[in-house]
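Engineer: Can you read through this structure? Questions will come right after.
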Amino acid sequence: MLSGAGVSAESGVPTFRGGGNTAVWKGMRFDVISSAEMVERDLPAVWEWFDYRRNFLHELMPNPAHYEIARWQDRFAEFTLVTQNIDGLHQKAGARDVIELHGNIWRARCIACGFTHDMAQSKRPDACLECGDRLRPDVVLFGEMLPPGAFEFAAARASKCELCFVVGTSALVYPAAGLPEIAKAAGAYVVEVNPERTPLSSLCDEVLTGKAGEVLPLFNNENSLL
Ligand code: BV8
């Protein structure tokens, strides 16, 4: 399964609508404020944006989509959950071994030594507690490579899965959006769950038009299709 912001929409997490080119912060486009180049140019501004989102996310809880997805890991011989979301709500709903392609908003990483600091329980340290250098959000920003091995592992699983679910993503940001294409090319049955069509819809064997929090729980009963 590949999930995107749409899975967290019913938890109150705003979606990005259209991947990168919408103004989200102080008139700045998403793929500008969330870019490697902005970390170079104005790290305090980047932290202001992520601090705002972290405080916003703090109160939010998983929704029925997250809980149903967490149940699937015990339902299939092999279940791989790959997310573009940095909100940690899949894990909060009980999902294990979540592949976070774009990192996690609850972690800060040292720009120099790479040491990561957990901010779920504590406030953001002013500097790296290991080497004293500057910290940055431990997320993948536009123009940055994904965490080493994360995409390769996800692609390997996608290339040998029998069933691929694509839930709540506009499928505009790469390389994440390439994963369902890999699954399809390898012969998987691809199902999309989204209230709207996406560039992936035509590739899918089945499109379930609706909200993830309403559609996915339909699979949670004895006589469900799965
Ligand atoms: C990289 C963390 C190598 C930060 C994020 C190939 C072609 C074109 C461009 C590129 C390409 N390869 C690389 C690029 C550049 C770029 C890219 O893809 N740009 C886009 C804008 C075209 N990619 C990168 O930069 C990636 N790195 O390629 O490195 C490299 C390095 C140097 C130079 C070249 C290559 C890194 C991308 C990761 C960026 N970080 N997030 C942060 O959060 O601030 S991306 C972020 O945006 C999310 O993680 C997610 O990936 C994306 C948002 O998309 P969605 O999650 O799908 O959300 P969206 O709002 O768009 O859509 C929501 C959907 O849900 C909608 O369809 C809606 O209908 C639906 N929905 C709504 N409600 C519900 C619902 N569905 C179900 N239920 C509901 N209730």
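Ligands are numbered from 1 in the order shown, chains are lettered A, B, ... in the order of the structure tokens, and residues start at 1 in each chain.
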Set out as a tab-separated table a contact list for chain A and ligand 1 with a cut-off of 6 Å, giving each residue of chain A that qualifies its closest atom pair and distance in Å to one decimal, counting only C-alpha atoms and all ligand atoms, ordered by chain and rising residue number.
Structural biologist:
residue	atom	partner	partner_atom_place_in_ligand_line	distance
A:Gly4	CA	ligand 1	56 (O)	3.5
A:Ala5	CA	ligand 1	56 (O)	3.8
A:Gly6	CA	ligand 1	65 (O)	3.3
A:Val7	CA	ligand 1	78 (N)	5.1
A:Ala9	CA	ligand 1	80 (N)	5.1
A:Glu10	CA	ligand 1	80 (N)	5.3
A:Thr15	CA	ligand 1	60 (O)	3.8
A:Phe16	CA	ligand 1	60 (O)	3.2
A:Arg17	CA	ligand 1	60 (O)	3.5
A:Gly18	CA	ligand 1	61 (O)	4.2
A:Gly19	CA	ligand 1	61 (O)	3.7
A:Gly20	CA	ligand 1	21 (C)	4.1
A:Ser34	CA	ligand 1	44 (O)	4.7
A:Gln84	CA	ligand 1	49 (O)	4.1
A:Asn85	CA	ligand 1	49 (O)	5.0
A:His102	CA	ligand 1	2 (C)	5.0
A:Val139	CA	ligand 1	2 (C)	5.4
A:Val140	CA	ligand 1	40 (N)	4.9
A:Leu141	CA	ligand 1	40 (N)	4.4
A:Phe142	CA	ligand 1	25 (O)	3.5
A:Gly143	CA	ligand 1	25 (O)	3.7
A:Glu144	CA	ligand 1	29 (O)	4.4
A:Met145	CA	ligand 1	29 (O)	3.9
A:Val167	CA	ligand 1	77 (C)	5.9
A:Gly168	CA	ligand 1	76 (N)	3.3
A:Thr169	CA	ligand 1	57 (O)	3.1
A:Ser170	CA	ligand 1	67 (O)	3.5
A:Ala171	CA	ligand 1	57 (O)	5.3
A:Leu172	CA	ligand 1	22 (C)	5.5
A:Val173	CA	ligand 1	18 (O)	3.4
A:Tyr174	CA	ligand 1	18 (O)	3.8
A:Pro175	CA	ligand 1	12 (N)	5.7
A:Val193	CA	ligand 1	77 (C)	5.9
A:Asn194	CA	ligand 1	76 (N)	4.0
A:Pro195	CA	ligand 1	69 (O)	5.4
A:Glu196	CA	ligand 1	69 (O)	4.6
A:Lys211	CA	ligand 1	78 (N)	3.5
A:Ala212	CA	ligand 1	78 (N)	3.9
Engineer: Compile the contact shell of Thr80 of chain A as a PyMOL selection string: residues with an atom at most 10 Å away, counting only C-alpha atoms, same-chain residues fewer than 2 positions apart removed.
Structural biologist: chain A and resi 1-2+72-73+76+78+82-83+96-99+153-154+157-158+161+164
Engineer: Determine the nearest neighbour of Leu216 of chain A from the options A:Arg41, A:Arg71, A:Arg53, A:Arg197, counting only C-alpha atoms.
Structural biologist: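 Ranking A:Arg41, A:Arg71, A:Arg53, A:Arg197 by distance to Leu216 of chain A, first place goes to A:Arg71.
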Engineer: Just the strand (DSSP E or B) stuff from segment 23-154 of chain A, please, per backbone DSSP, written as a PyMOL selection string.
Structural biologist: chain A and resi 23-25+28-29+35+82-83+99-100+103-110+116-118+135-139+142
Engineer: Taking only C-alpha atoms into account, name the residue in A:Gly114, A:Pro44, A:Gly12, A:Pro64 that is nearest to Asp133 of chain A.
Structural biologist: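 Once distances to Asp133 of chain A are computed over only C-alpha atoms, the minimum belongs to A:Gly114.
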Engineer: Could you check which of A:Ala156, A:Ala176, A:Ala127, A:Ile69 is closest to Glu100 of chain A, using only C-alpha atoms?
Structural biologist: A:Ala176
Engineer: Report as a ChimeraX atom specification all protein, DNA and RNA residues lying within 9 Å of Gly88 of chain A, evaluated on only C-alpha atoms, omitting residues in the same chain fewer than 6 positions from it.
Structural biologist: /A:100,104-106
Engineer: Restricted to N, CA, C and O atoms, what would the selected residues look like written as a PDB file, in the first residue's frame?
Structural biologist:
ATOM      1  N   GLU A 100       8.618   5.209   5.769  1.00  0.00           N
ATOM      2  CA  GLU A 100       8.336   6.650   5.635  1.00  0.00           C
ATOM      3  C   GLU A 100       9.244   7.223   4.547  1.00  0.00           C
ATOM      4  O   GLU A 100      10.374   7.629   4.812  1.00  0.00           O
ATOM      5  N   ASN A 104       9.874  12.007   8.849  1.00  0.00           N
ATOM      6  CA  ASN A 104       8.898  12.121   9.939  1.00  0.00           C
ATOM      7  C   ASN A 104       9.042  13.472  10.634  1.00  0.00           C
ATOM      8  O   ASN A 104      10.147  13.873  11.004  1.00  0.00           O
ATOM      9  N   ILE A 105       7.915  14.155  10.819  1.00  0.00           N
ATOM     10  CA  ILE A 105       7.936  15.522  11.364  1.00  0.00           C
ATOM     11  C   ILE A 105       8.328  15.548  12.841  1.00  0.00           C
ATOM     12  O   ILE A 105       8.717  16.580  13.380  1.00  0.00           O
ATOM     13  N   TRP A 106       8.256  14.395  13.527  1.00  0.00           N
ATOM     14  CA  TRP A 106       8.548  14.332  14.967  1.00  0.00           C
ATOM     15  C   TRP A 106      10.031  14.109  15.240  1.00  0.00           C
ATOM     16  O   TRP A 106      10.432  13.838  16.368  1.00  0.00           O
TER      17      TRP A 106
END
Engineer: How would you write, as a PyMOL selection string, the set of residues in segment 23-127 of chain A that DSSP gives as helix (DSSP H, G or I)?
Structural biologist: chain A and resi 30-33+36-41+43-58+64-72+89-92
Engineer: Store the residues picked out above, limited to C-alpha atoms, as a compact mmCIF listing (two decimals), in the first residue's frame.
Structural biologist:
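Listing of out_24.txt after writing:
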# COMPACT_ATOMS: atom_id res chain seq x y z
CA PHE A 30 4.93 24.22 -0.71
CA ASP A 31 7.87 23.02 -2.80
CA VAL A 32 9.67 26.30 -1.97
CA ILE A 33 9.33 26.40 1.81
CA ALA A 36 16.66 21.79 0.45
CA GLU A 37 17.45 25.19 -0.97
CA MET A 38 15.36 26.92 1.77
CA VAL A 39 17.32 25.05 4.47
CA GLU A 40 20.46 26.60 2.99
CA ARG A 41 18.87 30.05 2.62
CA LEU A 43 16.67 27.52 8.21
CA PRO A 44 14.70 29.51 10.87
CA ALA A 45 11.88 29.98 8.32
CA VAL A 46 11.84 26.25 7.63
CA TRP A 47 11.61 25.53 11.35
CA GLU A 48 8.80 28.08 11.75
CA TRP A 49 6.81 26.14 9.08
CA PHE A 50 7.48 22.73 10.63
CA ASP A 51 6.99 23.95 14.21
CA TYR A 52 3.54 25.27 13.13
CA ARG A 53 2.64 21.92 11.57
CA ARG A 54 3.96 19.92 14.52
CA ASN A 55 1.88 21.95 16.99
CA PHE A 56 -1.12 21.55 14.68
CA LEU A 57 -0.60 17.78 14.41
CA HIS A 58 -0.09 17.32 18.14
CA PRO A 64 -10.82 4.78 10.68
CA ALA A 65 -8.62 4.54 7.55
CA HIS A 66 -5.44 4.41 9.65
CA TYR A 67 -6.94 1.78 11.99
CA GLU A 68 -8.17 -0.42 9.13
CA ILE A 69 -4.77 -0.21 7.42
CA ALA A 70 -3.07 -1.22 10.67
CA ARG A 71 -5.33 -4.31 10.78
CA TRP A 72 -4.23 -5.38 7.30
CA LEU A 89 -0.56 8.75 12.26
CA HIS A 90 -0.16 5.28 10.72
CA GLN A 91 2.12 4.31 13.60
CA LYS A 92 -0.20 6.00 16.11
Engineer: Would you mind telling me which residue in A:Val166, A:Cys113, A:Ile86, A:Ala95 lies nearest to Pro137 of chain A when using only C-alpha atoms?
Structural biologist: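 Once distances to Pro137 of chain A are computed over only C-alpha atoms, the minimum belongs to A:Ile86.
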Engineer: Report, in Å to a single decimal, how far apart atom CA of Glu152 of chain A and atom CA of Phe115 of chain A are.
Structural biologist: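 Taking atom CA of Phe115 of chain A and atom CA of Glu152 of chain A, their separation equals 23.0 Å.
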